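Shown here: run-v1.cif, mmCIF, C-alpha atoms.
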data_final
loop_
_atom_site.label_atom_id
_atom_site.label_comp_id
_atom_site.auth_asym_id
_atom_site.auth_seq_id
_atom_site.Cartn_x
_atom_site.Cartn_y
_atom_site.Cartn_z
CA MET A 1197 1.58 36.20 -83.27
CA LYS A 1198 -0.80 38.84 -82.04
CA THR A 1199 -3.59 39.97 -84.33
CA GLU A 1200 -4.48 43.61 -84.12
CA PHE A 1201 -8.17 44.31 -84.12
CA ASN A 1202 -9.91 47.57 -84.67
CA ASP A 1203 -12.15 47.63 -81.64
CA ARG A 1204 -14.41 50.21 -83.29
CA SER A 1205 -16.15 47.63 -85.42
CA PRO A 1206 -17.58 44.28 -84.34
CA ILE A 1207 -14.85 41.74 -83.70
CA TYR A 1208 -16.83 38.82 -85.12
CA LEU A 1209 -16.89 40.57 -88.51
CA GLN A 1210 -13.14 41.13 -88.39
CA ILE A 1211 -12.56 37.46 -87.66
CA ILE A 1212 -14.81 36.55 -90.60
CA ASP A 1213 -12.61 38.73 -92.81
CA ILE A 1214 -9.44 37.06 -91.53
CA ILE A 1215 -10.85 33.61 -92.35
CA LYS A 1216 -12.12 34.73 -95.78
CA MET A 1217 -8.66 36.12 -96.49
CA ASP A 1218 -7.03 32.81 -95.52
CA ILE A 1219 -9.35 31.04 -97.95
CA VAL A 1220 -8.63 33.50 -100.77
CA ILE A 1221 -4.86 33.23 -100.43
CA GLY A 1222 -5.06 29.44 -100.18
CA LYS A 1223 -3.91 29.12 -96.59
CA LEU A 1224 -7.20 27.37 -96.00
CA LYS A 1225 -8.43 25.04 -98.74
CA SER A 1226 -11.71 23.37 -99.55
CA LYS A 1227 -12.61 20.68 -97.00
CA ASP A 1228 -9.88 21.87 -94.58
CA LYS A 1229 -10.93 21.67 -90.97
CA LEU A 1230 -11.03 24.99 -89.13
CA PRO A 1231 -9.57 25.11 -85.62
CA SER A 1232 -12.18 24.67 -82.90
CA VAL A 1233 -13.95 27.70 -81.51
CA ARG A 1234 -11.91 27.39 -78.34
CA GLU A 1235 -8.56 27.13 -80.15
CA MET A 1236 -9.37 30.18 -82.23
CA ALA A 1237 -10.61 32.13 -79.20
CA THR A 1238 -7.36 31.41 -77.39
CA LYS A 1239 -5.31 32.32 -80.45
CA PHE A 1240 -7.02 35.70 -80.84
CA ASN A 1241 -7.62 36.22 -77.10
CA VAL A 1242 -11.28 36.94 -77.67
CA ASN A 1243 -14.49 35.62 -76.13
CA PRO A 1244 -15.38 32.10 -77.40
CA ASN A 1245 -18.95 33.33 -78.00
CA THR A 1246 -17.59 35.88 -80.48
CA LEU A 1247 -15.85 33.09 -82.41
CA GLN A 1248 -19.04 31.04 -82.31
CA ARG A 1249 -20.86 33.95 -83.90
CA SER A 1250 -18.20 34.27 -86.63
CA TYR A 1251 -18.49 30.56 -87.45
CA GLN A 1252 -22.29 30.70 -87.50
CA GLU A 1253 -22.23 33.66 -89.84
CA LEU A 1254 -19.69 31.98 -92.14
CA GLU A 1255 -21.94 28.93 -92.21
CA ARG A 1256 -24.98 31.05 -93.04
CA LEU A 1257 -23.01 32.57 -95.93
CA GLY A 1258 -22.21 29.08 -97.18
CA ILE A 1259 -18.46 29.54 -96.79
CA VAL A 1260 -18.05 26.82 -94.17
CA TYR A 1261 -20.13 23.85 -93.05
CA THR A 1262 -20.37 21.99 -89.77
CA GLN A 1263 -20.29 18.25 -89.37
CA ARG A 1264 -21.79 17.23 -86.10
CA GLY A 1265 -19.13 15.98 -83.74
CA LEU A 1266 -16.34 16.50 -86.24
CA GLY A 1267 -15.99 20.25 -86.52
CA THR A 1268 -16.22 23.06 -89.01
CA PHE A 1269 -14.87 22.73 -92.53
CA VAL A 1270 -14.18 25.06 -95.44
CA GLY A 1271 -16.92 24.78 -98.06
CA GLU A 1272 -16.53 23.01 -101.39
CA GLY A 1273 -18.37 25.36 -103.74
CA LYS A 1274 -16.75 25.40 -107.18
CA ASN A 1275 -16.61 29.17 -107.52
CA MET A 1276 -16.39 29.98 -103.84
CA VAL A 1277 -12.79 31.18 -103.83
CA ASP A 1278 -13.28 33.30 -106.95
CA ASP A 1279 -16.50 34.75 -105.56
CA LEU A 1280 -14.83 35.59 -102.29
CA LYS A 1281 -11.90 37.16 -104.08
CA ARG A 1282 -14.21 39.30 -106.21
CA GLU A 1283 -16.27 40.31 -103.21
CA MET A 1284 -13.23 41.32 -101.17
CA ALA A 1285 -11.72 43.18 -104.12
CA ARG A 1286 -14.95 45.11 -104.52
CA GLU A 1287 -14.82 46.18 -100.87
CA VAL A 1288 -11.23 47.40 -101.27
CA ILE A 1289 -12.08 49.29 -104.47
CA ASP A 1290 -15.24 50.83 -103.02
CA SER A 1291 -13.48 52.23 -100.01
CA PHE A 1292 -10.54 53.37 -102.15
CA ILE A 1293 -12.79 55.26 -104.57
CA LEU A 1294 -14.71 56.79 -101.71
CA ARG A 1295 -11.54 58.09 -100.12
CA MET A 1296 -10.10 59.37 -103.41
CA LYS A 1297 -13.34 61.25 -104.06
CA SER A 1298 -13.26 62.77 -100.61
CA LEU A 1299 -9.78 64.01 -101.52
CA GLY A 1300 -11.37 65.76 -104.52
CA PHE A 1301 -10.30 63.42 -107.35
CA THR A 1302 -12.58 63.01 -110.37
CA ASP A 1303 -13.27 59.59 -111.93
CA ASN A 1304 -10.76 60.23 -114.69
CA GLU A 1305 -8.07 61.41 -112.30
CA ILE A 1306 -8.59 58.31 -110.18
CA ILE A 1307 -8.18 56.03 -113.19
CA LYS A 1308 -5.09 57.91 -114.32
CA SER A 1309 -3.41 57.80 -110.94
CA VAL A 1310 -4.17 54.10 -110.57
CA SER A 1311 -2.69 53.17 -113.95
CA LYS A 1312 0.36 55.31 -113.24
CA GLU A 1313 0.91 53.66 -109.86
CA THR A 1314 0.32 50.07 -111.03
CA LEU A 1315 2.85 50.71 -113.81
CA GLY A 1316 5.27 51.98 -111.20
CA VAL A 1317 4.68 48.95 -109.00
CA LYS A 1318 5.31 46.64 -111.98
CA GLN A 1319 8.61 48.29 -112.83
CA ASN A 1320 9.81 48.31 -109.24
CA GLY A 1321 8.58 44.82 -108.48
CA MET B 427 -31.53 31.60 -71.75
CA ASP B 428 -31.06 31.08 -68.01
CA ASN B 429 -29.62 33.80 -65.86
CA ILE B 430 -27.05 32.79 -63.28
CA LEU B 431 -27.35 36.15 -61.55
CA ILE B 432 -30.33 38.47 -61.28
CA SER B 433 -30.05 41.68 -59.33
CA GLN B 434 -33.12 43.84 -58.74
CA LYS B 435 -32.94 47.35 -57.37
CA ILE B 436 -29.95 46.60 -55.17
CA CYS B 437 -29.12 49.50 -52.82
CA LYS B 438 -26.30 49.73 -50.33
CA SER B 439 -25.55 52.57 -47.96
CA TYR B 440 -22.64 52.99 -45.61
CA LEU B 441 -23.93 55.37 -42.91
CA ASN B 442 -24.88 58.41 -44.98
CA LYS B 443 -23.02 57.42 -48.10
CA LYS B 444 -25.03 55.70 -50.82
CA ALA B 445 -22.73 53.22 -52.58
CA LEU B 446 -25.38 51.56 -54.72
CA GLN B 447 -28.67 53.11 -55.75
CA GLY B 448 -30.85 50.49 -57.37
CA VAL B 449 -28.66 48.25 -59.50
CA ASP B 450 -30.52 46.04 -61.98
CA LEU B 451 -28.32 43.53 -63.73
CA GLU B 452 -28.66 40.06 -65.23
CA ILE B 453 -25.87 37.70 -66.14
CA ALA B 454 -26.81 34.93 -68.54
CA THR B 455 -25.24 31.48 -68.37
CA GLY B 456 -22.23 31.19 -70.67
CA LYS B 457 -21.56 34.92 -70.83
CA ILE B 458 -18.72 37.16 -69.75
CA VAL B 459 -19.97 40.51 -68.50
CA GLY B 460 -17.80 43.56 -67.96
CA LEU B 461 -18.80 45.89 -65.12
CA LEU B 462 -17.06 49.11 -66.01
CA GLY B 463 -16.71 52.27 -64.01
CA PRO B 464 -14.21 54.61 -62.38
CA ASN B 465 -12.97 54.29 -58.80
CA GLY B 466 -15.73 54.76 -56.25
CA SER B 467 -18.55 53.98 -58.70
CA GLY B 468 -19.77 50.99 -56.69
CA LYS B 469 -18.22 48.11 -58.67
CA THR B 470 -16.52 46.43 -55.74
CA THR B 471 -19.53 46.90 -53.45
CA PHE B 472 -21.75 45.18 -56.00
CA LEU B 473 -19.34 42.28 -56.40
CA LYS B 474 -19.06 41.86 -52.64
CA ILE B 475 -22.83 41.60 -52.40
CA ALA B 476 -22.86 39.00 -55.18
CA ALA B 477 -20.07 37.10 -53.42
CA GLY B 478 -22.10 37.09 -50.20
CA ILE B 479 -19.65 39.22 -48.22
CA LEU B 480 -21.91 42.26 -47.86
CA HIS B 481 -25.66 42.40 -47.46
CA PRO B 482 -27.69 44.81 -49.56
CA SER B 483 -29.62 47.52 -47.70
CA LYS B 484 -32.51 47.13 -50.13
CA GLY B 485 -33.35 45.06 -53.19
CA GLU B 486 -32.80 41.44 -54.05
CA ILE B 487 -30.02 39.47 -55.66
CA LEU B 488 -30.42 35.85 -56.75
CA ILE B 489 -27.59 33.59 -57.81
CA ASP B 490 -28.68 30.37 -59.46
CA GLY B 491 -32.11 31.19 -58.03
CA GLN B 492 -30.94 31.58 -54.43
CA LYS B 493 -30.05 34.43 -52.11
CA PRO B 494 -26.35 34.74 -51.28
CA GLY B 495 -25.45 32.20 -48.62
CA VAL B 496 -23.76 28.86 -48.14
CA TYR B 497 -25.04 27.41 -51.42
CA THR B 498 -24.16 30.41 -53.57
CA LYS B 499 -20.69 30.59 -52.06
CA SER B 500 -20.14 27.00 -53.13
CA ILE B 501 -20.80 27.87 -56.79
CA VAL B 502 -19.23 31.33 -56.89
CA SER B 503 -15.49 31.75 -57.30
CA TYR B 504 -14.48 35.23 -56.21
CA LEU B 505 -11.27 37.10 -56.86
CA PRO B 506 -11.20 40.06 -54.47
CA ASP B 507 -9.08 43.07 -55.28
CA ASN B 508 -7.32 42.97 -51.93
CA GLU B 509 -4.63 40.72 -50.53
CA TYR B 510 -5.75 37.45 -48.99
CA LEU B 511 -2.77 35.16 -49.45
CA LEU B 512 -0.86 34.57 -46.26
CA LYS B 513 2.78 35.61 -46.16
CA TRP B 514 4.18 32.36 -44.74
CA MET B 515 2.70 30.32 -47.57
CA LYS B 516 4.48 28.78 -50.46
CA VAL B 517 2.63 28.61 -53.79
CA LYS B 518 1.87 24.93 -53.18
CA ASP B 519 0.47 25.73 -49.71
CA ALA B 520 -1.90 28.23 -51.25
CA VAL B 521 -3.06 25.56 -53.71
CA LYS B 522 -3.56 23.07 -50.86
CA TYR B 523 -5.47 25.68 -48.87
CA PHE B 524 -7.89 26.17 -51.76
CA LYS B 525 -8.19 22.43 -52.31
CA ASP B 526 -9.16 21.90 -48.67
CA PHE B 527 -11.57 24.78 -48.74
CA TYR B 528 -13.49 24.19 -51.97
CA SER B 529 -14.83 20.83 -53.07
CA ASP B 530 -14.98 22.00 -56.70
CA PHE B 531 -11.25 22.75 -56.79
CA ASP B 532 -9.51 21.01 -59.68
CA GLU B 533 -5.90 20.30 -58.71
CA LYS B 534 -4.92 19.17 -62.18
CA LYS B 535 -6.18 22.40 -63.67
CA ALA B 536 -4.29 24.34 -60.99
CA LYS B 537 -1.03 22.57 -61.90
CA GLU B 538 -1.54 23.32 -65.59
CA LEU B 539 -2.30 26.96 -64.87
CA LEU B 540 0.75 27.34 -62.62
CA THR B 541 2.93 26.04 -65.44
CA PHE B 542 1.20 28.31 -67.94
CA MET B 543 1.74 31.32 -65.68
CA ASP B 544 5.41 30.38 -65.06
CA LEU B 545 4.82 30.05 -61.32
CA ASP B 546 7.05 27.78 -59.27
CA GLU B 547 5.22 25.71 -56.65
CA ASP B 548 8.10 26.10 -54.21
CA SER B 549 8.31 29.89 -54.32
CA SER B 550 7.12 31.61 -51.22
CA VAL B 551 4.21 33.99 -51.56
CA LYS B 552 6.26 36.70 -49.85
CA SER B 553 8.86 36.66 -52.63
CA LEU B 554 6.37 37.09 -55.49
CA SER B 555 6.11 40.37 -57.37
CA LYS B 556 2.74 42.09 -57.60
CA GLY B 557 2.14 40.69 -61.09
CA MET B 558 3.11 37.15 -60.01
CA LYS B 559 0.78 37.37 -57.01
CA GLU B 560 -2.03 38.46 -59.29
CA LYS B 561 -1.31 35.45 -61.53
CA LEU B 562 -1.35 33.11 -58.53
CA LYS B 563 -4.64 34.52 -57.23
CA LEU B 564 -6.20 34.13 -60.65
CA THR B 565 -4.86 30.57 -60.96
CA LEU B 566 -6.54 29.64 -57.68
CA VAL B 567 -9.84 31.25 -58.59
CA LEU B 568 -9.97 29.77 -62.12
CA SER B 569 -9.06 26.29 -60.86
CA ARG B 570 -12.46 25.94 -59.26
CA ASN B 571 -15.25 24.48 -61.37
CA ALA B 572 -17.63 27.23 -60.40
CA LYS B 573 -20.84 28.38 -62.06
CA LEU B 574 -20.05 32.05 -61.61
CA TYR B 575 -16.62 33.66 -61.52
CA ILE B 576 -16.39 37.12 -60.03
CA LEU B 577 -13.14 38.87 -60.88
CA ASP B 578 -12.51 42.25 -59.29
CA GLU B 579 -9.78 44.09 -61.22
CA PRO B 580 -7.86 41.01 -62.39
CA LEU B 581 -5.44 43.23 -64.33
CA GLY B 582 -4.72 45.77 -61.60
CA GLY B 583 -1.03 46.47 -61.20
CA VAL B 584 0.03 43.99 -63.85
CA ASP B 585 2.37 44.82 -66.74
CA PRO B 586 1.12 44.48 -70.36
CA THR B 587 2.79 41.12 -71.12
CA ALA B 588 1.39 39.59 -67.94
CA ARG B 589 -2.00 41.05 -68.89
CA GLU B 590 -1.93 39.12 -72.17
CA LYS B 591 -1.14 35.96 -70.26
CA ILE B 592 -3.92 36.53 -67.74
CA LEU B 593 -6.45 37.24 -70.50
CA ASN B 594 -5.32 34.12 -72.29
CA ALA B 595 -5.82 32.06 -69.14
CA ILE B 596 -9.31 33.51 -68.70
CA VAL B 597 -10.33 32.83 -72.30
CA SER B 598 -8.96 29.30 -72.47
CA ASN B 599 -10.41 28.27 -69.11
CA PHE B 600 -13.85 29.70 -69.65
CA SER B 601 -16.55 27.10 -70.13
CA ALA B 602 -19.95 27.56 -71.74
CA ASN B 603 -21.65 26.25 -68.59
CA SER B 604 -20.27 29.01 -66.42
CA SER B 605 -20.47 32.80 -66.38
CA MET B 606 -18.13 35.56 -65.44
CA ILE B 607 -18.37 39.12 -64.21
CA ILE B 608 -15.22 41.19 -64.46
CA THR B 609 -14.65 44.74 -63.24
CA THR B 610 -11.93 46.90 -64.65
CA HIS B 611 -11.01 50.40 -65.58
CA LEU B 612 -8.42 49.08 -68.04
CA VAL B 613 -11.11 48.64 -70.65
CA ASN B 614 -8.88 48.71 -73.68
CA ASP B 615 -6.93 45.61 -72.67
CA ILE B 616 -9.87 43.42 -71.95
CA GLU B 617 -12.86 44.54 -74.02
CA ARG B 618 -12.53 41.71 -76.54
CA ILE B 619 -13.50 39.11 -74.03
CA PHE B 620 -16.80 40.68 -73.00
CA ASP B 621 -20.17 39.51 -74.30
CA ASP B 622 -22.05 42.24 -72.49
CA VAL B 623 -20.94 45.37 -70.71
CA ALA B 624 -22.57 47.49 -68.02
CA PHE B 625 -21.35 50.97 -67.15
CA ILE B 626 -21.73 51.92 -63.52
CA SER B 627 -21.52 55.45 -62.18
CA GLY B 628 -22.48 56.81 -58.77
CA GLY B 629 -23.95 53.46 -57.77
CA GLU B 630 -26.24 53.20 -60.79
CA ILE B 631 -26.05 51.33 -64.08
CA VAL B 632 -26.04 54.11 -66.68
CA LEU B 633 -25.69 52.01 -69.83
CA LYS B 634 -25.68 48.32 -70.62
CA GLY B 635 -25.72 46.17 -73.72
CA ASN B 636 -24.08 43.61 -75.93
CA ALA B 637 -20.50 44.69 -76.69
CA GLU B 638 -20.64 43.93 -80.42
CA GLU B 639 -24.01 45.67 -80.84
CA LEU B 640 -22.69 48.73 -79.03
CA ARG B 641 -19.64 48.82 -81.32
CA MET B 642 -21.89 48.60 -84.33
CA GLU B 643 -24.41 51.19 -83.11
CA ARG B 644 -21.94 53.75 -81.83
CA LYS B 645 -19.11 53.05 -84.27
CA MET B 646 -16.65 53.17 -81.42
CA SER B 647 -14.78 50.77 -79.21
CA ILE B 648 -16.02 49.98 -75.72
CA ASP B 649 -12.96 51.84 -74.45
CA GLU B 650 -13.96 54.98 -76.37
CA LEU B 651 -17.52 54.60 -75.20
CA TYR B 652 -16.24 54.34 -71.63
CA ARG B 653 -14.33 57.59 -72.05
CA GLU B 654 -17.42 59.27 -73.41
CA VAL B 655 -19.71 58.02 -70.66
CA PHE B 656 -17.32 59.01 -67.89
CA LYS B 657 -15.81 62.22 -69.22
#

Encoded form (structure tokens):
Amino acid sequence: MKTEFNDRSPIYLQIIDIIKMDIVIGKLKSKDKLPSVREMATKFNVNPNTLQRSYQELERLGIVYTQRGLGTFVGEGKNMVDDLKREMAREVIDSFILRMKSLGFTDNEIIKSVSKETLGVKQNG
Amino acid sequence: MDNILISQKICKSYLNKKALQGVDLEIATGKIVGLLGPNGSGKTTFLKIAAGILHPSKGEILIDGQKPGVYTKSIVSYLPDNEYLLKWMKVKDAVKYFKDFYSDFDEKKAKELLTFMDLDEDSSVKSLSKGMKEKLKLTLVLSRNAKLYILDEPLGGVDPTAREKILNAIVSNFSANSSMIITTHLVNDIERIFDDVAFISGGEIVLKGNAEELRMERKMSIDELYREVFK
């Protein structure tokens, strides 16, 4: 499988998002071992140093931890998954609202169109 | 961090033509650097100087602290953009040729890479397509345990699926103890493997920096930046 990147923004940030997403949807669970930097670099066809940077940043954020000689593991924080989910949802909502406003929608119109559409999705789904 | 290559004010003239006009460039250990520029910008001339094939007219270049010569050639693995495989050879002869020539040649790695690239040891070089030849040349060059790999247009004349394969081979065979300099004008296909990029035009470096920082600063891909610099 080939992952499409948007080369306009830093690739290490996009890889961080992919890993966060895997944690949120449960593909990666607490204490799961992440593939090595090299495996991931080969999978995405990107520079191993880029992957290293993604892992370091994830570690700094407390999402993963490294055990010397063993590898990198998904963190065990109790609320980590919920926090990540909330954080990612906020990003989606922020950019959605920004784009709706640039289309000229008012707050009320945005709310109305969202409730209408979610209702529609429910009925269809 | 240590630099494997340091170039200071390198100039090169051919008769009246100035090919390089003061190139300053450093390559840190463990990094992959993209040297990007259109045809005739001086990329190949610079690489030939680094590989010890051409002498600079002015300036100094140090590789692992030494001027290009016997020692630097033993630690530099160079992929030229011209043809150097001999027509009578079979793939396995080319491998043997490299093994005899370079003491750092890793035959096991070569075998693995040939399999990965779908190259048959018994094919004759003459019968290989352009893309297959490119894969063979890259296999030979990457099979050396060099400190610096110099790849001149590794994707030239290769179709997109073969490009993926070549990139994959580069990424998975790159070690943190070595460095790489790659020239290309197919920036889009390869920009994700660069740590740093340097844009060269008219024999001068016009812009250089860390690829991720440049993306962040300019809000554009290296490919788009390339188009802007060279429009």

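Candidate residues B:Leu451, B:Thr609, B:Phe527, B:Ile430 were compared for distance to Leu633 (chain B), and the nearest is B:Leu451, using all atoms listed in the file.
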
(message) Please return as a list in words every residue within 8 Å of (-30.3, 45.6, -51.8), taking into account all atoms listed in the file and the file's own coordinates.
(response) Gln434, Lys435, Ile436, Cys437, Lys438, Gly448, His481, Pro482, Ser483, Lys484, Gly485, Glu486 and Ile487 of chain B

(request) Check the smallest atom-to-atom distance from each of B:Ser550, B:Thr455, B:Ser627, B:Thr471 to chain A using only C-alpha atoms, then report the winner. (result)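 Once distances to chain A are computed over only C-alpha atoms, the minimum belongs to B:Thr455.
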
(request) Scan for residues within 12 Å of the point (-10.4, 33.5, -105.4) in the coordinates of the file, using only C-alpha atoms, and reply as a list in words. (result) Lys1216, Met1217, Asp1218, Ile1219, Val1220, Ile1221, Gly1222, Lys1223, Leu1224, Lys1225, Ser1226, Gly1273, Lys1274, Asn1275, Met1276, Val1277, Asp1278, Asp1279, Leu1280, Lys1281, Arg1282, Glu1283, Met1284 and Ala1285 of chain A

Could you give me, as JSON lines, a per-residue list for chain B showing, wherever an atom lies at most 10 Å from an atom of chain A, the closest pair of atoms and their distance in Å to one decimal, using all atoms listed in the file and sorting by chain then residue number from low to high?
{"residue": "B:Gly456", "atom": "CA", "partner": "A:Asn1245", "partner_atom": "CA", "distance": 8.3}
{"residue": "B:Lys457", "atom": "CA", "partner": "A:Asn1245", "partner_atom": "CA", "distance": 7.8}
{"residue": "B:Ile458", "atom": "CA", "partner": "A:Asn1243", "partner_atom": "CA", "distance": 7.8}
{"residue": "B:Glu590", "atom": "CA", "partner": "A:Asn1241", "partner_atom": "CA", "distance": 8.1}
{"residue": "B:Lys591", "atom": "CA", "partner": "A:Asn1241", "partner_atom": "CA", "distance": 9.4}
{"residue": "B:Leu593", "atom": "CA", "partner": "A:Asn1241", "partner_atom": "CA", "distance": 6.8}
{"residue": "B:Asn594", "atom": "CA", "partner": "A:Asn1241", "partner_atom": "CA", "distance": 5.7}
{"residue": "B:Ala595", "atom": "CA", "partner": "A:Thr1238", "partner_atom": "CA", "distance": 8.4}
{"residue": "B:Ile596", "atom": "CA", "partner": "A:Asn1241", "partner_atom": "CA", "distance": 9.0}
{"residue": "B:Val597", "atom": "CA", "partner": "A:Thr1238", "partner_atom": "CA", "distance": 6.1}
{"residue": "B:Ser598", "atom": "CA", "partner": "A:Thr1238", "partner_atom": "CA", "distance": 5.6}
{"residue": "B:Asn599", "atom": "CA", "partner": "A:Thr1238", "partner_atom": "CA", "distance": 9.4}
{"residue": "B:Phe600", "atom": "CA", "partner": "A:Pro1244", "partner_atom": "CA", "distance": 8.3}
{"residue": "B:Ser601", "atom": "CA", "partner": "A:Pro1244", "partner_atom": "CA", "distance": 8.9}
{"residue": "B:Ala602", "atom": "CA", "partner": "A:Asn1245", "partner_atom": "CA", "distance": 8.6}
{"residue": "B:Asn614", "atom": "CA", "partner": "A:Asp1203", "partner_atom": "CA", "distance": 8.7}
{"residue": "B:Ile616", "atom": "CA", "partner": "A:Val1242", "partner_atom": "CA", "distance": 8.8}
{"residue": "B:Glu617", "atom": "CA", "partner": "A:Asp1203", "partner_atom": "CA", "distance": 8.3}
{"residue": "B:Arg618", "atom": "CA", "partner": "A:Val1242", "partner_atom": "CA", "distance": 5.1}
{"residue": "B:Ile619", "atom": "CA", "partner": "A:Asn1243", "partner_atom": "CA", "distance": 4.2}
{"residue": "B:Phe620", "atom": "CA", "partner": "A:Asn1243", "partner_atom": "CA", "distance": 6.4}
{"residue": "B:Asp621", "atom": "CA", "partner": "A:Asn1243", "partner_atom": "CA", "distance": 7.1}
{"residue": "B:Ala637", "atom": "CA", "partner": "A:Pro1206", "partner_atom": "CA", "distance": 8.2}
{"residue": "B:Glu638", "atom": "CA", "partner": "A:Pro1206", "partner_atom": "CA", "distance": 5.0}
{"residue": "B:Glu639", "atom": "CA", "partner": "A:Pro1206", "partner_atom": "CA", "distance": 7.5}
{"residue": "B:Leu640", "atom": "CA", "partner": "A:Pro1206", "partner_atom": "CA", "distance": 8.6}
{"residue": "B:Arg641", "atom": "CA", "partner": "A:Ser1205", "partner_atom": "CA", "distance": 5.5}
{"residue": "B:Met642", "atom": "CA", "partner": "A:Ser1205", "partner_atom": "CA", "distance": 5.9}
{"residue": "B:Glu643", "atom": "CA", "partner": "A:Ser1205", "partner_atom": "CA", "distance": 9.3}
{"residue": "B:Arg644", "atom": "CA", "partner": "A:Arg1204", "partner_atom": "CA", "distance": 8.4}
{"residue": "B:Lys645", "atom": "CA", "partner": "A:Arg1204", "partner_atom": "CA", "distance": 5.6}
{"residue": "B:Met646", "atom": "CA", "partner": "A:Arg1204", "partner_atom": "CA", "distance": 4.2}
{"residue": "B:Ser647", "atom": "CA", "partner": "A:Arg1204", "partner_atom": "CA", "distance": 4.1}
{"residue": "B:Ile648", "atom": "CA", "partner": "A:Asp1203", "partner_atom": "CA", "distance": 7.5}
{"residue": "B:Asp649", "atom": "CA", "partner": "A:Asp1203", "partner_atom": "CA", "distance": 8.4}
{"residue": "B:Glu650", "atom": "CA", "partner": "A:Arg1204", "partner_atom": "CA", "distance": 8.4}
{"residue": "B:Leu651", "atom": "CA", "partner": "A:Arg1204", "partner_atom": "CA", "distance": 9.7}

(request) Translate the PyMOL selection byres ((chain A and resi 1254) around 12), as applied to the file shown, into an explicit residue set as a ChimeraX atom specification. (result) /A:1208-1216,1219,1230,1247-1253,1255-1262,1268-1271,1280

(request) Do a neighbour search on region 528-540 of chain B at 6 Å with all atoms listed in the file, toss out local chain neighbours closer than 3 positions, and write the hits as a list in words. (result)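 Using all atoms listed in the file, the neighbours found are Phe524, Lys525, Met543, Leu545, Thr565, Ser569, Arg570 and Asn571 of chain B.
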
(request) I need the residue set behind the PyMOL selection byres ((chain B and resi 630) around 7) for this file; please write it as a list in words. (result)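 Those residues are Leu446, Gln447, Gly448, Val449, Ile626, Ser627, Gly628, Gly629, Ile631 and Val632 of chain B.
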
(request) For each of B:Leu505, B:Leu512, B:Ala624, B:Val584, take the minimum atom-to-atom distance to Val567 (chain B), counting all atoms listed in the file, then give the residue where this is smallest. (result) B:Leu505

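Interatomic distance, CA of Leu566 (chain B) to CA of Ile432 (chain B): 25.6 Å.
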
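Each of B:Glu579, B:Asp428, B:Glu560, B:Glu452 was compared to Tyr510 (chain B) using all atoms listed in the file, and B:Glu560 turns out to be the nearest.
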
Result set, the PyMOL selection byres ((chain B and resi 474) around 12) on current file, as a short mmCIF file (atom, residue, chain, number, x, y, z; two decimals) with C-alpha atoms, in the coordinates of the input:
data_model
loop_
_atom_site.label_atom_id
_atom_site.label_comp_id
_atom_site.auth_asym_id
_atom_site.auth_seq_id
_atom_site.Cartn_x
_atom_site.Cartn_y
_atom_site.Cartn_z
CA LYS B 438 -26.30 49.73 -50.33
CA ALA B 445 -22.73 53.22 -52.58
CA LEU B 446 -25.38 51.56 -54.72
CA GLY B 468 -19.77 50.99 -56.69
CA LYS B 469 -18.22 48.11 -58.67
CA THR B 470 -16.52 46.43 -55.74
CA THR B 471 -19.53 46.90 -53.45
CA PHE B 472 -21.75 45.18 -56.00
CA LEU B 473 -19.34 42.28 -56.40
CA ILE B 475 -22.83 41.60 -52.40
CA ALA B 476 -22.86 39.00 -55.18
CA ALA B 477 -20.07 37.10 -53.42
CA GLY B 478 -22.10 37.09 -50.20
CA ILE B 479 -19.65 39.22 -48.22
CA LEU B 480 -21.91 42.26 -47.86
CA HIS B 481 -25.66 42.40 -47.46
CA PRO B 482 -27.69 44.81 -49.56
CA ILE B 487 -30.02 39.47 -55.66
CA PRO B 494 -26.35 34.74 -51.28
CA LYS B 499 -20.69 30.59 -52.06
CA VAL B 502 -19.23 31.33 -56.89
CA SER B 503 -15.49 31.75 -57.30
CA TYR B 504 -14.48 35.23 -56.21
CA LEU B 505 -11.27 37.10 -56.86
CA PRO B 506 -11.20 40.06 -54.47
CA ASP B 507 -9.08 43.07 -55.28
CA ASN B 508 -7.32 42.97 -51.93
CA ILE B 576 -16.39 37.12 -60.03
CA LEU B 577 -13.14 38.87 -60.88
CA ASP B 578 -12.51 42.25 -59.29
CA ILE B 607 -18.37 39.12 -64.21
CA THR B 609 -14.65 44.74 -63.24
#

Padded axis-aligned box of region 583-602 of chain B (8 Å per side), centre and edge lengths, Å, one decimal, as lines of an AutoDock Vina configuration file:
center_x = -8.6
center_y = 36.8
center_z = -66.8
size_x = 38.7
size_y = 35.4
size_z = 27.3

(message) Could you list, as a PyMOL selection string, every residue within 12 Å of Ala588 (chain B), counting all atoms listed in the file and ignoring same-chain residues fewer than 3 positions away?
(response) chain B and resi 542-544+555-562+564+580-585+591-595+615

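Counting from CA of Leu574 (chain B), the distance to CA of Lys518 (chain B) is 24.5 Å.
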
(request) Mind giving me the straight-line distance from CA of Gly491 (chain B) to CA of Thr610 (chain B) in Å, one decimal? (result)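 Taking CA of Gly491 (chain B) and CA of Thr610 (chain B), their separation equals 26.4 Å.
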
(message) Give me the residues near Ser549 (chain B) as a list in words, where near means some atom within 9 Å (using all atoms listed in the file) and where sequence neighbours in that chain fewer than 3 positions away do not count.
(response)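 Those residues are Met515, Lys516, Val517, Lys518, Leu545, Asp546, Lys552, Ser553 and Leu554 of chain B.
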
Go ahead and save the residues from that selection, with C-alpha atoms, as a CSV table (one decimal), keeping the file's coordinate frame.
chain,number,residue,atom,x,y,z
B,515,MET,CA,2.7,30.3,-47.6
B,516,LYS,CA,4.5,28.8,-50.5
B,517,VAL,CA,2.6,28.6,-53.8
B,518,LYS,CA,1.9,24.9,-53.2
B,545,LEU,CA,4.8,30.0,-61.3
B,546,ASP,CA,7.0,27.8,-59.3
B,552,LYS,CA,6.3,36.7,-49.8
B,553,SER,CA,8.9,36.7,-52.6
B,554,LEU,CA,6.4,37.1,-55.5
